[in-house]
$ cat structure-v6.txt   # compact mmCIF, C-alpha atoms and all ligand atoms
# COMPACT_ATOMS: atom_id res chain seq x y z
CA MET A 12 5.00 -6.22 12.85
CA LYS A 13 5.88 -7.61 9.45
CA ASN A 14 9.24 -6.06 8.88
CA THR A 15 11.41 -8.53 6.98
CA LEU A 16 10.73 -9.65 3.45
CA ILE A 17 12.46 -12.81 2.27
CA ILE A 18 12.57 -13.34 -1.48
CA GLU A 19 13.81 -16.39 -3.34
CA GLY A 20 15.02 -14.96 -6.66
CA GLY A 21 15.49 -16.23 -10.14
CA ASN A 22 11.90 -16.86 -11.33
CA PRO A 23 10.44 -14.87 -14.20
CA LEU A 24 7.27 -13.08 -13.08
CA ASN A 25 4.26 -13.64 -15.30
CA GLY A 26 0.61 -12.66 -15.28
CA GLN A 27 -1.37 -9.52 -14.65
CA VAL A 28 -1.36 -7.01 -11.85
CA ARG A 29 -3.84 -4.24 -11.06
CA VAL A 30 -2.36 -0.92 -10.04
CA SER A 31 -3.78 0.79 -6.92
CA GLY A 32 -4.73 4.43 -6.49
CA ALA A 33 -1.81 6.87 -6.50
CA LYS A 34 -0.25 7.36 -3.08
CA ASN A 35 0.79 10.95 -3.73
CA ALA A 36 -2.61 11.93 -5.13
CA ALA A 37 -4.53 10.13 -2.39
CA LEU A 38 -2.59 11.84 0.42
CA VAL A 39 -3.24 15.34 -0.90
CA LEU A 40 -6.87 14.69 -1.90
CA VAL A 41 -7.71 13.34 1.54
CA VAL A 42 -6.23 16.49 3.08
CA ALA A 43 -7.99 18.73 0.54
CA SER A 44 -11.34 17.18 1.54
CA ILE A 45 -11.30 19.32 4.69
CA LEU A 46 -11.79 22.38 2.47
CA ALA A 47 -15.35 21.31 1.62
CA ASP A 48 -18.56 21.40 3.59
CA GLY A 49 -20.12 17.98 4.06
CA GLU A 50 -19.00 14.39 3.57
CA THR A 51 -16.53 13.51 0.84
CA ILE A 52 -16.15 9.99 -0.51
CA LEU A 53 -12.89 9.17 -2.23
CA ASP A 54 -12.64 5.96 -4.26
CA ASN A 55 -9.48 4.10 -5.22
CA VAL A 56 -7.66 5.14 -2.03
CA PRO A 57 -4.68 2.81 -1.43
CA ARG A 58 -4.57 1.04 1.96
CA ILE A 59 -0.92 1.77 2.67
CA SER A 60 0.70 2.70 5.95
CA ASP A 61 1.30 6.34 4.89
CA MET A 62 -2.47 6.66 4.48
CA GLU A 63 -3.09 5.14 7.92
CA TYR A 64 -0.72 7.71 9.47
CA LEU A 65 -2.41 10.56 7.64
CA LEU A 66 -5.83 9.42 8.87
CA ARG A 67 -4.51 9.31 12.44
CA ILE A 68 -3.34 12.92 12.07
CA LEU A 69 -6.71 14.00 10.66
CA ASN A 70 -8.63 12.13 13.37
CA ASP A 71 -6.43 13.81 15.97
CA ILE A 72 -7.42 17.30 14.77
CA GLY A 73 -11.13 16.43 14.65
CA VAL A 74 -11.87 15.01 11.16
CA LYS A 75 -13.93 11.80 11.14
CA THR A 76 -12.94 9.18 8.58
CA ARG A 77 -14.35 5.73 7.83
CA TRP A 78 -13.47 3.07 5.28
CA GLN A 79 -16.66 2.19 3.43
CA ASP A 80 -15.26 -0.78 1.62
CA ASP A 81 -11.78 -1.84 0.63
CA ASN A 82 -10.71 1.37 -1.07
CA SER A 83 -13.50 3.89 -0.55
CA LEU A 84 -12.96 6.37 2.23
CA LEU A 85 -15.52 8.68 3.79
CA ILE A 86 -14.11 11.95 5.16
CA CYS A 87 -16.27 14.09 7.37
CA PRO A 88 -14.90 17.34 8.83
CA PRO A 89 -16.94 18.92 11.65
CA ASP A 90 -19.09 22.03 11.16
CA GLY A 91 -16.89 24.11 13.47
CA ASP A 92 -13.13 24.63 13.48
CA LEU A 93 -10.57 21.86 13.57
CA LYS A 94 -7.80 21.72 16.15
CA THR A 95 -5.15 23.92 14.55
CA ARG A 96 -2.01 22.12 15.64
CA THR A 97 -0.76 18.82 14.20
CA SER A 98 1.11 16.72 16.73
CA TYR A 99 4.84 16.33 16.09
CA GLU A 100 4.72 12.71 17.22
CA LEU A 101 2.30 11.84 14.40
CA ALA A 102 3.53 14.33 11.81
CA LYS A 103 7.19 13.29 11.96
CA ARG A 104 6.31 9.92 10.45
CA LEU A 105 4.85 11.45 7.34
CA ARG A 106 6.28 14.33 5.34
CA ALA A 107 2.94 14.81 3.56
CA SER A 108 1.48 16.06 6.87
CA ASN A 109 2.88 19.45 5.79
CA LEU A 110 -0.01 19.64 3.30
CA LEU A 111 -2.19 20.68 6.22
CA LEU A 112 -0.54 24.11 6.03
CA GLY A 113 -2.40 25.22 2.90
CA ALA A 114 -5.56 23.23 3.63
CA MET A 115 -5.97 24.63 7.16
CA LEU A 116 -5.22 28.19 6.02
CA GLY A 117 -7.81 27.80 3.26
CA ARG A 118 -10.37 26.32 5.64
CA GLN A 119 -9.98 28.40 8.77
CA GLY A 120 -7.20 30.97 8.26
CA GLU A 121 -4.87 29.38 10.78
CA ALA A 122 -2.43 26.47 10.83
CA VAL A 123 0.28 25.19 13.15
CA VAL A 124 2.26 22.56 11.29
CA SER A 125 5.26 20.69 12.58
CA LEU A 126 8.44 21.39 10.56
CA PRO A 127 9.58 18.22 8.86
CA GLY A 128 12.53 16.56 10.55
CA GLY A 129 15.57 15.24 8.69
CA CYS A 130 14.71 12.85 5.93
CA ASP A 131 16.69 9.94 4.58
CA ILE A 132 16.57 11.19 1.00
CA GLY A 133 18.04 14.59 1.86
CA SER A 134 17.04 17.91 3.33
CA ARG A 135 13.44 18.75 2.46
CA PRO A 136 12.98 22.44 3.26
CA MET A 137 9.63 24.26 3.22
CA ASP A 138 10.78 27.72 2.13
CA LEU A 139 8.70 27.63 -1.06
CA HIS A 140 5.55 26.53 0.78
CA ILE A 141 6.05 29.41 3.21
CA LYS A 142 6.80 31.95 0.47
CA GLY A 143 3.56 30.90 -1.24
CA VAL A 144 1.23 31.21 1.73
CA GLN A 145 2.89 34.51 2.74
CA ALA A 146 2.19 35.91 -0.73
CA LEU A 147 -1.48 35.07 -0.16
CA GLY A 148 -1.48 37.06 3.07
CA ALA A 149 -0.44 34.63 5.80
CA ASP A 150 1.81 35.81 8.62
CA VAL A 151 4.27 33.05 9.28
CA LYS A 152 6.69 32.50 12.14
CA LEU A 153 8.85 29.50 12.91
CA GLU A 154 9.07 28.63 16.58
CA HIS A 155 9.86 25.52 18.62
CA GLY A 156 9.91 23.31 15.53
CA TYR A 157 6.52 24.47 14.25
CA ILE A 158 5.31 26.73 11.46
CA TYR A 159 2.69 29.11 12.89
CA ALA A 160 0.63 30.65 10.10
CA TYR A 161 -2.29 33.07 10.44
CA ALA A 162 -4.17 34.71 7.61
CA LYS A 163 -6.57 37.40 8.88
CA ASN A 164 -7.22 39.06 5.53
CA PRO A 165 -5.91 36.74 2.84
CA GLY A 166 -6.03 37.85 -0.80
CA GLY A 167 -5.06 36.37 -4.16
CA ASN A 168 -1.58 37.14 -5.46
CA ARG A 169 1.17 35.94 -7.85
CA VAL A 170 3.70 33.42 -6.60
CA TYR A 171 6.80 32.42 -8.54
CA LEU A 172 8.32 29.12 -7.40
CA ASP A 173 12.12 28.94 -7.73
CA PHE A 174 11.72 25.18 -8.22
CA PRO A 175 8.48 23.46 -9.31
CA SER A 176 7.92 21.85 -5.91
CA VAL A 177 5.01 19.41 -5.82
CA GLY A 178 4.15 20.02 -2.16
CA ALA A 179 4.47 23.82 -2.40
CA THR A 180 2.23 23.91 -5.50
CA GLU A 181 -0.37 21.79 -3.66
CA ASN A 182 -0.28 23.89 -0.51
CA ILE A 183 -0.70 27.13 -2.46
CA ILE A 184 -3.59 25.70 -4.51
CA MET A 185 -5.37 24.55 -1.34
CA MET A 186 -5.06 27.93 0.33
CA ALA A 187 -5.90 29.87 -2.85
CA VAL A 188 -9.16 28.04 -3.64
CA ARG A 189 -10.80 29.60 -0.59
CA THR A 190 -8.90 32.93 -0.71
CA PRO A 191 -10.73 35.92 -2.25
CA GLY A 192 -9.37 37.18 -5.60
CA GLN A 193 -7.13 35.62 -8.22
CA SER A 194 -3.93 33.75 -7.40
CA VAL A 195 -1.37 32.74 -10.01
CA ILE A 196 1.36 30.15 -9.47
CA GLU A 197 4.27 30.54 -11.89
CA ASN A 198 6.73 27.68 -12.45
CA ALA A 199 4.18 25.38 -10.82
CA ALA A 200 4.75 21.63 -10.62
CA LYS A 201 3.07 19.76 -13.50
CA GLU A 202 2.82 16.26 -11.99
CA PRO A 203 -0.38 14.27 -12.71
CA GLU A 204 -1.11 14.36 -8.97
CA ILE A 205 -1.41 18.18 -9.21
CA VAL A 206 -3.92 17.77 -12.04
CA ASP A 207 -5.86 15.26 -9.95
CA LEU A 208 -5.97 17.71 -7.04
CA ALA A 209 -7.26 20.48 -9.32
CA ASN A 210 -9.88 18.18 -10.91
CA PHE A 211 -11.07 17.08 -7.49
CA LEU A 212 -11.33 20.64 -6.14
CA ASN A 213 -13.04 21.84 -9.34
CA SER A 214 -15.57 18.99 -9.00
CA MET A 215 -16.50 20.57 -5.64
CA GLY A 216 -16.89 24.08 -7.08
CA ALA A 217 -13.34 25.47 -7.10
CA ARG A 218 -12.13 27.55 -10.06
CA ILE A 219 -8.65 26.35 -11.00
CA ARG A 220 -7.27 26.60 -14.54
CA GLY A 221 -3.97 25.52 -16.02
CA ALA A 222 -3.12 22.56 -13.75
CA GLY A 223 -0.65 20.39 -15.66
CA THR A 224 1.07 23.47 -17.13
CA ASP A 225 3.55 25.69 -15.36
CA ILE A 226 1.07 28.53 -14.81
CA ILE A 227 -1.92 27.77 -12.60
CA LYS A 228 -4.65 30.37 -12.07
CA ILE A 229 -7.07 30.12 -9.18
CA GLU A 230 -10.13 32.29 -8.52
CA GLY A 231 -11.03 32.00 -4.86
CA VAL A 232 -14.57 30.86 -3.98
CA GLU A 233 -16.46 31.17 -0.72
CA GLU A 234 -17.35 27.53 -0.30
CA LEU A 235 -16.82 24.08 -1.74
CA GLN A 236 -19.45 21.36 -1.73
CA ALA A 237 -18.28 17.85 -0.88
CA GLY A 238 -18.89 15.04 -3.38
CA ARG A 239 -17.49 11.77 -4.62
CA TYR A 240 -14.29 11.36 -6.64
CA ALA A 241 -11.99 8.53 -7.77
CA ILE A 242 -8.22 8.89 -7.44
CA ILE A 243 -5.91 8.28 -10.43
CA PRO A 244 -3.80 5.10 -10.61
CA ASP A 245 -0.28 5.13 -9.18
CA ARG A 246 2.26 5.66 -11.97
CA ILE A 247 5.18 4.78 -9.70
CA GLU A 248 3.63 1.50 -8.59
CA ALA A 249 2.90 0.73 -12.27
CA GLY A 250 6.50 1.53 -13.21
CA THR A 251 7.80 -0.72 -10.45
CA TYR A 252 5.83 -3.74 -11.76
CA MET A 253 6.95 -2.92 -15.29
CA ILE A 254 10.54 -3.18 -14.12
CA ALA A 255 9.70 -6.42 -12.29
CA ALA A 256 8.86 -7.95 -15.69
CA ALA A 257 12.05 -6.59 -17.28
CA ILE A 258 14.44 -7.59 -14.51
CA SER A 259 13.01 -11.08 -14.00
CA GLY A 260 12.68 -11.83 -17.72
CA GLY A 261 8.92 -12.38 -17.44
CA GLU A 262 5.79 -10.93 -19.00
CA ILE A 263 3.39 -8.77 -17.00
CA LEU A 264 0.22 -7.00 -18.03
CA VAL A 265 -0.02 -3.92 -15.83
CA GLU A 266 -3.71 -2.98 -15.58
CA ASN A 267 -5.45 0.22 -14.47
CA VAL A 268 -2.95 2.74 -15.78
CA ILE A 269 -3.11 6.11 -17.52
CA PRO A 270 -0.55 5.52 -20.30
CA THR A 271 0.40 9.20 -20.79
CA HIS A 272 1.50 9.38 -17.13
CA LEU A 273 3.90 6.53 -17.87
CA HIS A 274 5.56 7.94 -20.99
CA PRO A 275 8.82 8.98 -19.29
CA ILE A 276 9.17 5.49 -17.79
CA VAL A 277 8.09 3.60 -20.92
CA ALA A 278 10.53 5.58 -23.08
CA LYS A 279 13.49 4.61 -20.89
CA LEU A 280 12.42 0.99 -20.55
CA GLN A 281 12.16 0.70 -24.32
CA GLU A 282 15.69 2.11 -24.63
CA THR A 283 16.88 -0.80 -22.49
CA GLY A 284 15.47 -3.17 -25.12
CA THR A 285 12.53 -4.25 -22.94
CA ILE A 286 9.34 -4.84 -24.93
CA VAL A 287 6.53 -2.52 -23.88
CA GLU A 288 3.16 -2.53 -25.62
CA GLU A 289 0.03 -0.60 -24.82
CA ASN A 290 -3.31 -2.40 -25.30
CA ASP A 291 -6.93 -1.80 -24.21
CA ARG A 292 -6.35 -3.45 -20.86
CA GLY A 293 -3.15 -1.69 -19.87
CA ILE A 294 0.56 -1.94 -20.59
CA MET A 295 2.24 -5.23 -21.38
CA VAL A 296 5.91 -5.51 -20.51
CA ARG A 297 8.10 -8.39 -21.60
CA GLY A 298 11.70 -9.01 -20.56
CA ASN A 299 13.98 -9.41 -23.54
CA GLY A 300 17.21 -10.90 -22.23
CA ARG A 301 19.90 -8.81 -20.58
CA VAL A 302 19.01 -5.12 -20.80
CA LYS A 303 21.05 -2.50 -22.63
CA PRO A 304 22.59 0.30 -20.55
CA VAL A 305 20.84 3.71 -20.64
CA ASP A 306 21.52 7.09 -19.09
CA ILE A 307 18.90 8.62 -16.78
CA LYS A 308 18.42 12.16 -15.46
CA THR A 309 15.68 12.69 -12.92
CA LEU A 310 13.62 15.84 -13.41
CA PRO A 311 10.24 17.26 -12.45
CA TYR A 312 7.35 15.85 -14.57
CA PRO A 313 7.33 15.18 -17.51
CA GLY A 314 10.99 14.30 -16.92
CA PHE A 315 12.01 10.93 -15.54
CA PRO A 316 10.57 10.66 -11.99
CA THR A 317 12.95 10.67 -9.04
CA ASP A 318 10.57 8.17 -7.43
CA MET A 319 11.55 5.60 -10.11
CA GLN A 320 15.29 6.26 -9.99
CA SER A 321 16.21 3.55 -7.47
CA GLN A 322 14.13 0.89 -9.22
CA MET A 323 15.74 1.78 -12.55
CA MET A 324 19.15 1.55 -10.90
CA ALA A 325 18.33 -2.01 -9.82
CA LEU A 326 17.48 -2.90 -13.42
CA LEU A 327 20.59 -1.21 -14.84
CA SER A 328 22.75 -3.11 -12.33
CA THR A 329 22.11 -6.13 -14.53
CA ALA A 330 22.65 -4.35 -17.89
CA GLN A 331 25.22 -5.29 -20.49
CA GLY A 332 27.44 -2.21 -20.11
CA SER A 333 27.56 0.95 -18.05
CA SER A 334 24.83 3.53 -17.39
CA VAL A 335 25.01 6.99 -15.86
CA ILE A 336 22.25 8.14 -13.51
CA VAL A 337 22.01 11.81 -12.49
CA GLU A 338 19.70 12.65 -9.59
CA ASN A 339 18.57 16.27 -9.94
CA VAL A 340 15.59 16.44 -7.57
CA PHE A 341 16.79 15.21 -4.16
CA GLU A 342 20.26 15.55 -2.73
CA ASN A 343 20.69 12.14 -1.13
CA ARG A 344 18.78 9.65 -3.14
CA PHE A 345 21.40 6.98 -3.73
CA GLN A 346 20.60 5.15 -0.51
CA SER A 347 20.09 1.83 -2.24
CA VAL A 348 23.61 1.81 -3.71
CA ASP A 349 25.42 0.21 -0.77
CA GLU A 350 22.67 -2.38 -0.39
CA LEU A 351 22.68 -3.22 -4.12
CA LYS A 352 26.45 -3.59 -3.88
CA ARG A 353 25.96 -6.21 -1.16
CA MET A 354 24.05 -8.13 -3.82
CA GLY A 355 26.97 -7.91 -6.26
CA ALA A 356 26.11 -4.70 -8.13
CA SER A 357 28.96 -2.48 -9.29
CA ILE A 358 28.07 1.19 -8.75
CA LYS A 359 30.20 4.30 -8.15
CA VAL A 360 28.68 7.51 -6.81
CA GLU A 361 30.16 10.98 -7.17
CA GLY A 362 27.89 13.74 -5.89
CA HIS A 363 24.59 13.59 -7.77
CA THR A 364 25.88 11.08 -10.32
CA ALA A 365 26.00 7.29 -10.15
CA VAL A 366 27.85 5.16 -12.67
CA VAL A 367 26.36 1.69 -12.84
CA GLU A 368 28.49 -1.03 -14.39
CA GLY A 369 26.11 -3.87 -15.25
CA VAL A 370 26.95 -7.33 -13.87
CA ASN A 371 25.92 -10.67 -15.25
CA ARG A 372 24.11 -11.79 -12.12
CA LEU A 373 23.06 -10.35 -8.75
CA HIS A 374 23.26 -12.58 -5.67
CA GLY A 375 20.92 -12.89 -2.72
CA ALA A 376 22.14 -11.20 0.48
CA LYS A 377 20.90 -9.71 3.72
CA VAL A 378 20.05 -6.05 3.01
CA ARG A 379 18.14 -3.15 4.56
CA ALA A 380 15.42 -0.96 3.06
CA THR A 381 16.42 2.62 3.91
CA ASP A 382 13.43 4.35 2.36
CA LEU A 383 10.34 3.51 0.33
CA ARG A 384 11.78 3.53 -3.20
CA ALA A 385 15.18 2.17 -2.17
CA GLY A 386 13.20 -0.70 -0.63
CA ALA A 387 11.34 -1.24 -3.90
CA ALA A 388 14.70 -1.37 -5.72
CA LEU A 389 15.88 -4.12 -3.38
CA VAL A 390 12.71 -6.12 -4.02
CA LEU A 391 13.34 -5.88 -7.77
CA ALA A 392 17.01 -6.82 -7.40
CA ALA A 393 16.00 -9.76 -5.19
CA LEU A 394 13.56 -11.05 -7.83
CA ALA A 395 16.42 -11.29 -10.33
CA ALA A 396 19.13 -12.49 -7.94
CA ASP A 397 20.44 -16.01 -7.43
CA GLY A 398 19.34 -17.40 -4.09
CA CYS A 399 17.63 -15.81 -1.17
CA THR A 400 17.52 -12.11 -0.23
CA GLU A 401 16.40 -10.98 3.19
CA ILE A 402 15.22 -7.36 3.21
CA GLU A 403 15.15 -5.86 6.68
CA GLU A 404 13.04 -2.83 7.58
CA ALA A 405 10.63 -3.72 4.81
CA GLY A 406 8.05 -1.56 6.62
CA HIS A 407 9.30 1.28 4.41
CA ILE A 408 7.99 -0.59 1.37
CA PHE A 409 4.49 -1.01 2.82
CA ARG A 410 4.33 2.78 3.24
CA GLY A 411 3.68 3.08 -0.48
CA TYR A 412 2.86 -0.27 -2.12
CA GLU A 413 -0.59 -1.68 -1.43
CA ASN A 414 -0.61 -5.48 -0.98
CA ILE A 415 2.80 -5.86 -2.56
CA GLU A 416 3.30 -9.35 -1.13
CA VAL A 417 -0.04 -10.53 -2.54
CA LYS A 418 0.54 -8.92 -5.93
CA LEU A 419 4.07 -10.30 -6.34
CA THR A 420 3.02 -13.77 -5.18
CA SER A 421 0.21 -13.83 -7.73
CA LEU A 422 2.84 -13.08 -10.40
CA GLY A 423 4.85 -16.11 -9.28
CA ALA A 424 7.38 -14.54 -6.90
CA LYS A 425 8.50 -16.72 -4.02
CA LEU A 426 8.42 -14.56 -0.91
CA ARG A 427 7.62 -14.49 2.73
C1 LIG A 501 6.62 14.95 -3.70
C2 LIG A 501 6.29 13.48 -3.59
C3 LIG A 501 7.57 12.64 -3.65
C4 LIG A 501 8.34 12.99 -4.90
C5 LIG A 501 8.58 14.50 -5.01
C6 LIG A 501 9.26 14.91 -6.30
C7 LIG A 501 4.30 13.50 -2.21
C8 LIG A 501 3.66 13.16 -0.92
N1 LIG A 501 5.60 13.25 -2.32
O1 LIG A 501 7.41 15.30 -2.56
O2 LIG A 501 7.18 11.26 -3.68
O3 LIG A 501 9.61 12.34 -4.85
O4 LIG A 501 7.32 15.19 -4.93
O5 LIG A 501 8.53 14.47 -7.39
O6 LIG A 501 3.64 13.95 -3.13
N2 LIG A 501 12.22 22.06 -2.13
C9 LIG A 501 12.76 23.23 -1.64
N3 LIG A 501 11.95 24.06 -0.91
C10 LIG A 501 10.64 23.77 -0.68
C11 LIG A 501 10.09 22.58 -1.19
C12 LIG A 501 10.91 21.74 -1.93
O7 LIG A 501 13.93 23.51 -1.83
O8 LIG A 501 9.96 24.58 -0.01
C13 LIG A 501 13.09 21.13 -2.90
C14 LIG A 501 13.25 19.81 -2.17
O9 LIG A 501 14.26 19.87 -1.21
C15 LIG A 501 13.59 18.87 -3.30
C16 LIG A 501 12.80 19.46 -4.47
O10 LIG A 501 12.45 20.79 -4.09
O11 LIG A 501 14.95 18.93 -3.59
C17 LIG A 501 11.53 18.68 -4.82
O12 LIG A 501 10.69 18.63 -3.72
P1 LIG A 501 9.10 18.62 -3.84
O13 LIG A 501 8.69 18.65 -5.28
O14 LIG A 501 8.58 19.68 -2.95
O15 LIG A 501 8.76 17.20 -3.25
P2 LIG A 501 7.65 16.82 -2.21
O16 LIG A 501 6.41 17.59 -2.46
O17 LIG A 501 8.24 16.83 -0.84

$ encode --input "structure-v6.txt" --output "structure tokens" --more "lines below"
Ligand code: UD1
Amino acid sequence: MKNTLIIEGGNPLNGQVRVSGAKNAALVLVVASILADGETILDNVPRISDMEYLLRILNDIGVKTRWQDDNSLLICPPDGDLKTRTSYELAKRLRASNLLLGAMLGRQGEAVVSLPGGCDIGSRPMDLHIKGVQALGADVKLEHGYIYAYAKNPGGNRVYLDFPSVGATENIIMMAVRTPGQSVIENAAKEPEIVDLANFLNSMGARIRGAGTDIIKIEGVEELQAGRYAIIPDRIEAGTYMIAAAISGGEILVENVIPTHLHPIVAKLQETGTIVEENDRGIMVRGNGRVKPVDIKTLPYPGFPTDMQSQMMALLSTAQGSSVIVENVFENRFQSVDELKRMGASIKVEGHTAVVEGVNRLHGAKVRATDLRAGAALVLAALAADGCTEIEEAGHIFRGYENIEVKLTSLGAKLR
């Protein structure tokens, strides 16, 4: 298994890179396909290891899937019921497997979903998902590490989310689209991936209004008809390549993007003095010498995304001055700090706050990717560092970045 990435740093990256389909939209849309009758084709599905795990889980419960060409995936649920229980062995590798809760309840009124285990970026409870499906009439009990949920007579209802959780909003939408009556989600998540889910379900006959705002209204329908749909581009992958240009002092045209999804990232990059220009082909990013320090607070969309926090920290490690980063979404998302410090970064963490004192130069070192985005941060740091960086456990990075080695090499990175 390819698990170590070796990067020779110090070259500016130049050229163009095409962004793949959004991981977080693709995972939920593939799951949502089981709500429809017939064969769904999804285009622009990224071939990443998280997707491979999800397909194994779906195959295990009885859904047939087949790649039609590089990024088009055919999903074919059977006419009868699916196996209700997701295996812990498969589900523990992928937090997004919890999306089967809402989809299975919507499809067949019953779901047995493995509770997520501990996660490197902090505790990831499911109380809001459970509160949501209970409000729509599911009986839920937690036993032996599983959530058992049954909905004999589900009905639409109002659900207020204490925090705009992405996964909880998605689970409630998926149950509500096939639940009789009107459901309303208040303080819903507004991420573009939620809008993509609603657009996809509406294209199959669902009646969802308000996705992208904090109140989503869903009128349940009896059936959904499968069709064909293309997934939105990945804003986090795009942001990562934008930072690759800034940190390496190169110039990259990032193609296949939806610019509005990138506003929170573009705004902060521009504050660092990096040149960012939108044109008809995408977003052009040009490094502009040593970056200026900026302060970052992660927040639910349209705030600055927590999934870009580690990559931004890598960039700010090389800034001329000190930056303050506050992580408000996850409790333990400063995993890359100790690894960046091995490369010469100067960072102090106190609770949810990191103070990053920019250094003139990072140095290659042996480091370890602890999670997907921390791994991406190390790749970025390595591109800018003097000498050679060896990133162990790089498998985390392939969970979410399609063909990252090919894309970086085509931009001039030296890596193995
Ligand atoms: C999704 C994304 C992940 C992203 C995150 C926040 C997918 C597959 N993953 O994860 O990449 O970083 O959104 O943008 O789409 N929480 C609770 N109770 C719950 C659910 C969540 O307290 O029932 C808390 C979590 O612990 C966390 C916060 O809410 O602190 C945000 O989590 P959530 O928005 O649910 O993230 P995910 O859907 O897991």

$ axis_aligned_box --input "structure-v6.txt" --around "ligand LIG 501 (chain A)" --padding-each-side "4 Å" --output "AutoDock Vina command-line options"
--center_x 9.3 --center_y 17.9 --center_z -3.7 --size_x 19.3 --size_y 21.3 --size_z 15.4

$ atom_distance --input "structure-v6.txt" --atom1 "CA of Lys94 (chain A)" --atom2 "CA of Gly73 (chain A)"
6.4 Å

$ closest_residue --input "structure-v6.txt" --among "A:Val277, A:Leu85, A:Leu310, A:Met185" --to "ligand LIG 501 (chain A)" --atoms "all atoms listed in the file"
A:Leu310

$ residues_near_ligand --input "structure-v6.txt" --ligand "ligand LIG 501 (chain A)" --cutoff "6 Å" --atoms "all atoms listed in the file" --output "JSON, numbers by chain"
{"A": [35, 107, 134, 135, 136, 137, 138, 139, 140, 176, 177, 178, 179, 317, 318, 340, 341]}

$ residues_around --input "structure-v6.txt" --residues "Val417 (chain A)" --least-positions-apart "6" --cutoff "12 Å" --atoms "only C-alpha atoms" --output "number ranges by chain"
A: 28-29, 409, 423-427

$ residues_around --input "structure-v6.txt" --residues "region 345-354 of chain A" --least-positions-apart "2" --cutoff "6 Å" --atoms "only C-alpha atoms" --output "PyMOL selection string"
chain A and resi 343+356+373-376+378+385

$ closest_residue --input "structure-v6.txt" --among "A:Ser44, A:Met319, A:Asp71, A:Ala37" --to "Arg58 (chain A)" --atoms "all atoms listed in the file"
A:Ala37

$ atom_distance --input "structure-v6.txt" --atom1 "CA of Glu266 (chain A)" --atom2 "CA of Thr309 (chain A)"
25.1 Å

$ closest_residue --input "structure-v6.txt" --among "A:Lys201, A:Glu416, A:Asn299, A:Ile242" --to "Gly314 (chain A)" --atoms "only C-alpha atoms"
A:Lys201

$ residues_near_point --input "structure-v6.txt" --point "(-19.3, 27.0, -4.0)" --cutoff "10 Å" --atoms "only C-alpha atoms" --output "compact mmCIF listing (two decimals) with C-alpha atoms, in the frame of the given file"
# COMPACT_ATOMS: atom_id res chain seq x y z
CA ALA A 47 -15.35 21.31 1.62
CA ASP A 48 -18.56 21.40 3.59
CA ARG A 189 -10.80 29.60 -0.59
CA ASN A 213 -13.04 21.84 -9.34
CA MET A 215 -16.50 20.57 -5.64
CA GLY A 216 -16.89 24.08 -7.08
CA ALA A 217 -13.34 25.47 -7.10
CA ARG A 218 -12.13 27.55 -10.06
CA GLY A 231 -11.03 32.00 -4.86
CA VAL A 232 -14.57 30.86 -3.98
CA GLU A 233 -16.46 31.17 -0.72
CA GLU A 234 -17.35 27.53 -0.30
CA LEU A 235 -16.82 24.08 -1.74
CA GLN A 236 -19.45 21.36 -1.73
CA ALA A 237 -18.28 17.85 -0.88

$ closest_residue --input "structure-v6.txt" --among "A:Leu172, A:Ala395, A:Val366, A:Asn164" --to "Leu147 (chain A)" --atoms "all atoms listed in the file"
A:Asn164

$ closest_residue --input "structure-v6.txt" --among "A:Thr224, A:Ser334, A:Asn168, A:Thr180" --to "Gly148 (chain A)" --atoms "only C-alpha atoms"
A:Asn168

$ closest_residue --input "structure-v6.txt" --among "A:Asn371, A:Thr51, A:Gln320, A:Asn109" --to "Gly250 (chain A)" --atoms "all atoms listed in the file"
A:Gln320

$ atom_distance --input "structure-v6.txt" --atom1 "CA of Leu419 (chain A)" --atom2 "CA of Gly26 (chain A)"
9.9 Å

$ residues_around --input "structure-v6.txt" --residues "region 390-393 of chain A" --least-positions-apart "3" --cutoff "9 Å" --atoms "all atoms listed in the file" --output "PyMOL selection string"
chain A and resi 16-21+251-252+254-255+258-259+322+325-326+328-329+351+354+373-376+385-387+396-402

$ residues_around --input "structure-v6.txt" --residues "Ile141 (chain A)" --least-positions-apart "3" --cutoff "9 Å" --atoms "all atoms listed in the file" --output "PyMOL selection string"
chain A and resi 112+137-138+144-146+149+151+158+160+179
